[in-house]
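See below for final-v1.tsv, which holds TSV, C-alpha atoms.
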chain	number	residue	atom	x	y	z
O	1	MET	CA	230.67	68.77	58.30
O	2	ALA	CA	227.33	68.95	60.11
O	3	THR	CA	224.11	68.82	58.11
O	4	VAL	CA	220.51	69.47	59.11
O	5	GLU	CA	217.83	68.29	56.70
O	6	LEU	CA	214.24	69.47	56.54
O	7	ARG	CA	211.41	68.12	54.41
O	8	PHE	CA	208.03	69.79	54.48
O	9	SER	CA	204.81	69.58	52.52
O	10	ALA	CA	204.41	72.29	49.92
O	11	GLN	CA	202.26	74.58	52.06
O	12	PRO	CA	203.07	78.30	52.42
O	13	GLU	CA	202.67	78.16	56.21
O	14	HIS	CA	205.73	75.87	56.48
O	15	VAL	CA	208.06	78.44	54.89
O	16	ARG	CA	208.24	80.41	58.15
O	17	THR	CA	209.44	77.33	60.02
O	18	ALA	CA	212.17	76.74	57.43
O	19	ARG	CA	213.29	80.37	57.80
O	20	LEU	CA	213.49	80.08	61.60
O	21	VAL	CA	215.42	76.81	61.48
O	22	ALA	CA	217.82	78.21	58.87
O	23	ALA	CA	218.54	81.30	60.99
O	24	ALA	CA	219.12	79.18	64.12
O	25	VAL	CA	221.49	76.78	62.34
O	26	ALA	CA	223.30	79.67	60.60
O	27	ARG	CA	223.84	81.38	63.96
O	28	ARG	CA	225.21	78.16	65.47
O	29	ALA	CA	227.46	77.69	62.41
O	30	GLY	CA	229.08	81.07	63.01
O	31	VAL	CA	227.44	83.22	60.34
O	32	ASP	CA	227.80	86.91	61.24
O	33	GLU	CA	224.76	88.34	63.09
O	34	ALA	CA	224.51	91.15	60.52
O	35	VAL	CA	223.96	88.57	57.76
O	36	LEU	CA	221.25	86.52	59.50
O	37	ASP	CA	218.43	88.67	58.07
O	38	GLU	CA	219.76	87.98	54.57
O	39	VAL	CA	219.83	84.26	55.36
O	40	ARG	CA	216.20	84.39	56.56
O	41	LEU	CA	215.01	86.35	53.54
O	42	ALA	CA	216.91	84.21	51.01
O	43	VAL	CA	215.65	80.96	52.52
O	44	GLY	CA	212.12	82.36	52.62
O	45	GLU	CA	212.30	83.30	48.93
O	46	ALA	CA	213.79	79.95	47.90
O	47	CYS	CA	211.26	77.95	49.93
O	48	SER	CA	208.34	80.08	48.71
O	49	ARG	CA	209.52	79.52	45.13
O	50	ALA	CA	209.72	75.74	45.67
O	51	VAL	CA	206.27	75.69	47.31
O	52	GLY	CA	204.82	77.71	44.43
O	53	LEU	CA	206.37	75.41	41.83
O	54	HIS	CA	205.06	72.30	43.58
O	55	ARG	CA	201.56	73.72	43.91
O	56	SER	CA	201.38	75.02	40.34
O	57	HIS	CA	202.55	71.66	38.94
O	58	GLY	CA	200.39	69.53	41.24
O	59	ILE	CA	203.37	67.83	42.88
O	60	THR	CA	202.77	66.25	46.28
O	61	GLU	CA	206.42	65.48	47.09
O	62	PRO	CA	207.85	67.49	49.98
O	63	VAL	CA	210.19	70.45	49.55
O	64	SER	CA	213.68	69.66	50.84
O	65	VAL	CA	216.11	71.94	52.65
O	66	ALA	CA	219.66	70.92	53.57
O	67	LEU	CA	221.65	73.21	55.88
O	68	THR	CA	225.35	72.36	55.92
O	69	GLU	CA	227.99	73.72	58.25
O	70	ASP	CA	231.46	73.54	56.77
O	71	GLU	CA	234.80	74.71	58.12
O	72	LYS	CA	234.70	78.00	56.23
O	73	ALA	CA	231.13	78.33	54.98
O	74	PHE	CA	227.49	77.71	55.79
O	75	SER	CA	225.40	76.54	52.85
O	76	ILE	CA	221.73	75.91	52.24
O	77	GLU	CA	220.20	73.88	49.42
O	78	VAL	CA	216.49	74.20	48.74
O	79	GLY	CA	215.21	71.49	46.42
O	80	ASP	CA	211.99	71.06	44.52
O	81	SER	CA	210.67	68.07	42.56
O	82	VAL	CA	209.60	69.95	39.42
O	83	PRO	CA	211.36	68.60	36.31
O	84	GLY	CA	213.43	71.28	34.60
O	85	PRO	CA	212.98	72.54	31.06
O	86	GLY	CA	214.13	70.06	28.46
O	87	SER	CA	213.64	67.01	30.68
O	88	ASP	CA	211.58	64.14	29.26
O	89	SER	CA	208.56	64.56	31.52
O	90	ALA	CA	208.39	68.35	31.01
O	91	THR	CA	208.64	67.99	27.22
O	92	SER	CA	206.10	65.19	27.01
O	93	LYS	CA	203.59	67.23	29.02
O	94	ALA	CA	204.08	70.17	26.69
O	95	ARG	CA	203.74	67.94	23.60
O	96	ASN	CA	200.63	66.18	24.91
O	97	GLY	CA	199.01	69.41	25.98
O	98	ALA	CA	198.84	68.26	29.61
O	99	GLY	CA	201.18	71.05	30.62
O	100	GLY	CA	199.00	73.74	29.06
O	101	SER	CA	197.00	76.06	31.22
O	102	GLY	CA	193.89	76.18	29.10
O	103	ALA	CA	193.82	79.97	29.21
O	104	GLY	CA	192.00	81.63	26.34
O	105	LEU	CA	193.46	84.39	24.18
O	106	ASP	CA	191.93	87.14	26.32
O	107	GLU	CA	192.80	85.53	29.67
O	108	PRO	CA	196.19	85.90	31.34
O	109	ASP	CA	198.20	82.70	31.29
O	110	PRO	CA	198.82	81.52	34.88
O	111	GLU	CA	202.01	79.72	33.80
O	112	THR	CA	203.42	82.96	32.39
O	113	ASP	CA	202.55	84.72	35.67
O	114	ALA	CA	204.24	81.93	37.63
O	115	GLU	CA	207.36	82.22	35.47
O	116	GLY	CA	207.48	85.95	36.16
O	117	GLU	CA	207.18	85.37	39.91
O	118	ASP	CA	209.86	82.68	39.64
O	119	GLU	CA	212.26	85.08	37.92
O	120	MET	CA	211.51	87.78	40.50
O	121	GLY	CA	212.22	85.36	43.37
O	122	LEU	CA	215.54	84.35	41.80
O	123	ALA	CA	216.46	88.03	41.34
O	124	VAL	CA	215.75	88.73	45.01
O	125	ILE	CA	217.84	85.74	46.09
O	126	SER	CA	220.79	86.74	43.90
O	127	GLY	CA	220.57	90.25	45.35
O	128	LEU	CA	220.77	88.87	48.90
O	129	VAL	CA	223.38	86.14	48.43
O	130	ASP	CA	226.81	86.57	46.84
O	131	ASP	CA	227.36	82.84	46.32
O	132	VAL	CA	224.24	81.34	44.73
O	133	GLU	CA	223.81	78.52	42.22
O	134	VAL	CA	220.58	77.41	40.53
O	135	ARG	CA	220.41	73.94	38.98
O	136	SER	CA	217.53	72.19	37.27
O	137	GLY	CA	217.22	68.66	35.96
O	138	ALA	CA	214.85	65.79	35.37
O	139	ALA	CA	214.56	65.08	39.11
O	140	GLY	CA	213.88	68.71	40.03
O	141	GLY	CA	215.68	71.92	40.83
O	142	VAL	CA	218.03	73.08	43.56
O	143	ILE	CA	218.99	76.52	44.75
O	144	ARG	CA	222.32	76.42	46.59
O	145	MET	CA	223.33	79.44	48.66
O	146	SER	CA	226.35	79.90	50.91
O	147	TRP	CA	227.75	82.43	53.35
O	148	PRO	CA	231.16	82.62	55.04
O	149	THR	CA	231.34	81.74	58.71
O	150	ALA	CA	233.08	83.88	61.34
O	151	ASP	CA	236.06	81.47	61.30
O	152	ALA	CA	236.52	81.96	57.54
O	153	VAL	CA	236.31	85.76	57.84
O	154	ALA	CA	238.80	85.90	60.76
O	155	ARG	CA	241.41	83.78	58.98
O	156	PRO	CA	243.78	85.58	56.57

Can the structure in the file be given as structure tokens, please?
Amino acid sequence: MATVELRFSAQPEHVRTARLVAAAVARRAGVDEAVLDEVRLAVGEACSRAVGLHRSHGITEPVSVALTEDEKAFSIEVGDSVPGPGSDSATSKARNGAGGSGAGLDEPDPETDAEGEDEMGLAVISGLVDDVEVRSGAAGGVIRMSWPTADAVARP
């Protein structure tokens, strides 16, 4: 099992690099050429989501991407460092008011807008990838996506 790991600062301009690396590693792993565009788009969405979450929560930790070549599948995990709902740090921020946006009644709430964009990004990813898993915990979230390799498709 070969793994390539990327870590990049949460800047939108780094998403393109992650997409290019993912497509190159997927091609080498044996993912069908017809699926490579889906891989690029899904990785772009997942990385953009992680970058957006980091920036909106003021997190300076890098975004992580792990590309794993298995015997029958190629998988990608995109990780962020934003504590999930229900974790201690997320709940304490909400209780202390530190997590609030400060938006008035007449102003749109940026956190609500970010949640809508987050849901849209996840919808796009699940439309592109058949095998997708989204996990969230106290240490952050992970989107795991996988595609069959040519070897897996050729075998009965």

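Across O:Gly121, O:Gly127, O:Gly137, O:Pro148, the tightest approach to Glu38 of chain O is made by O:Gly127 when counting only C-alpha atoms.
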
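Minimum atom-to-atom distances from O:Ser136, O:Thr17, O:Ser81, O:Thr68 to Gly30 of chain O were compared using all atoms listed in the file, and the lowest value belongs to O:Thr68.
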
So, counting all atoms listed in the file, which residue among O:Glu33, O:Leu67, O:Pro62, O:Val43 is closest to Val4 of chain O?
O:Leu67

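For Glu133 of chain O, the set of protein, DNA and RNA residues having any atom at most 7 Å away, when counting only C-alpha atoms and skipping those fewer than 3 positions along the same chain, is Ile143, Arg144 and Met145 of chain O.
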
Go ahead and write the residues just picked, C-alpha atoms, as a PDB file, keeping the file's coordinate frame.
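Dumped everything to part-v5.pdb:
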ATOM      1  CA  ILE O 143     218.990  76.520  44.750  1.00  0.00           C
ATOM      2  CA  ARG O 144     222.320  76.420  46.590  1.00  0.00           C
ATOM      3  CA  MET O 145     223.330  79.440  48.660  1.00  0.00           C
TER       4      MET O 145
END

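The space between atom CA of Ala42 of chain O and atom CA of Val21 of chain O spans 12.9 Å.
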
Need to verify the contact set: Thr60 of chain O, 10 Å, all atoms listed in the file, exclusion of same-chain residues closer than 4 positions in sequence. Can you return it as JSON, numbers by chain?
{"O": [9, 10, 54, 55, 81]}

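For the residues O:Asp118, O:Val39, O:Ala23, O:Glu5, ranking by smallest atom-to-atom distance to Leu53 of chain O using all atoms listed in the file places O:Asp118 first.
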
Using all atoms listed in the file, the shortest atom-to-atom distance to His57 of chain O among O:Val82, O:Val25, O:Thr149, O:Glu69 belongs to O:Val82

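Coordinates place atom CA of Gly58 of chain O at a distance of 24.8 Å from atom CA of Ile76 of chain O.
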
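Straight-line separation from atom CA of Val124 of chain O to atom CA of Arg7 of chain O: 23.1 Å.
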
Missing atoms in segment 75-86 of chain O: fill them in up to all heavy atoms and send the result as a CSV table (one decimal), in the frame of the given file.
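Contents of out_32.csv, freshly written:
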chain,number,residue,atom,x,y,z
O,75,SER,N,226.2,76.6,54.1
O,75,SER,CA,225.4,76.5,52.8
O,75,SER,C,224.0,75.9,53.1
O,75,SER,O,223.8,75.1,54.0
O,75,SER,CB,226.2,75.7,51.8
O,75,SER,OG,226.3,74.4,52.2
O,76,ILE,N,223.1,76.4,52.2
O,76,ILE,CA,221.7,75.9,52.2
O,76,ILE,C,221.3,75.5,50.8
O,76,ILE,O,221.6,76.2,49.9
O,76,ILE,CB,220.8,77.0,52.7
O,76,ILE,CG1,221.2,77.5,54.2
O,76,ILE,CG2,219.3,76.6,52.7
O,76,ILE,CD1,220.4,78.6,54.7
O,77,GLU,N,220.7,74.3,50.7
O,77,GLU,CA,220.2,73.9,49.4
O,77,GLU,C,218.7,73.7,49.6
O,77,GLU,O,218.3,72.9,50.5
O,77,GLU,CB,220.9,72.6,49.0
O,77,GLU,CG,222.3,72.8,48.6
O,77,GLU,CD,222.9,71.5,47.9
O,77,GLU,OE1,222.1,70.5,47.7
O,77,GLU,OE2,224.1,71.6,47.6
O,78,VAL,N,217.9,74.4,48.8
O,78,VAL,CA,216.5,74.2,48.7
O,78,VAL,C,216.1,73.5,47.5
O,78,VAL,O,216.5,74.0,46.4
O,78,VAL,CB,215.8,75.6,48.8
O,78,VAL,CG1,214.3,75.4,48.7
O,78,VAL,CG2,216.2,76.3,50.1
O,79,GLY,N,215.5,72.3,47.6
O,79,GLY,CA,215.2,71.5,46.4
O,79,GLY,C,213.7,71.3,46.2
O,79,GLY,O,212.9,71.3,47.1
O,80,ASP,N,213.4,71.3,44.9
O,80,ASP,CA,212.0,71.1,44.5
O,80,ASP,C,212.0,69.8,43.6
O,80,ASP,O,213.0,69.3,43.2
O,80,ASP,CB,211.4,72.3,43.8
O,80,ASP,CG,212.1,72.6,42.5
O,80,ASP,OD1,212.0,71.8,41.5
O,80,ASP,OD2,212.7,73.7,42.4
O,81,SER,N,210.8,69.3,43.4
O,81,SER,CA,210.7,68.1,42.6
O,81,SER,C,210.1,68.3,41.2
O,81,SER,O,209.5,67.4,40.6
O,81,SER,CB,209.8,67.1,43.3
O,81,SER,OG,210.4,66.7,44.5
O,82,VAL,N,210.2,69.6,40.7
O,82,VAL,CA,209.6,70.0,39.4
O,82,VAL,C,210.7,69.7,38.4
O,82,VAL,O,211.7,70.3,38.4
O,82,VAL,CB,209.1,71.4,39.4
O,82,VAL,CG1,208.6,71.8,38.1
O,82,VAL,CG2,208.1,71.7,40.5
O,83,PRO,N,210.4,68.8,37.4
O,83,PRO,CA,211.4,68.6,36.3
O,83,PRO,C,211.7,69.9,35.6
O,83,PRO,O,210.8,70.7,35.3
O,83,PRO,CB,210.7,67.6,35.4
O,83,PRO,CG,209.6,67.0,36.2
O,83,PRO,CD,209.2,68.1,37.2
O,84,GLY,N,213.0,70.1,35.3
O,84,GLY,CA,213.4,71.3,34.6
O,84,GLY,C,213.1,71.3,33.1
O,84,GLY,O,212.7,70.3,32.6
O,85,PRO,N,213.2,72.4,32.5
O,85,PRO,CA,213.0,72.5,31.1
O,85,PRO,C,213.9,71.6,30.3
O,85,PRO,O,215.1,71.5,30.6
O,85,PRO,CB,213.3,74.0,30.7
O,85,PRO,CG,213.8,74.6,31.9
O,85,PRO,CD,213.7,73.7,33.1
O,86,GLY,N,213.3,71.0,29.3
O,86,GLY,CA,214.1,70.1,28.5
O,86,GLY,C,214.2,68.6,29.0
O,86,GLY,O,214.6,67.7,28.3
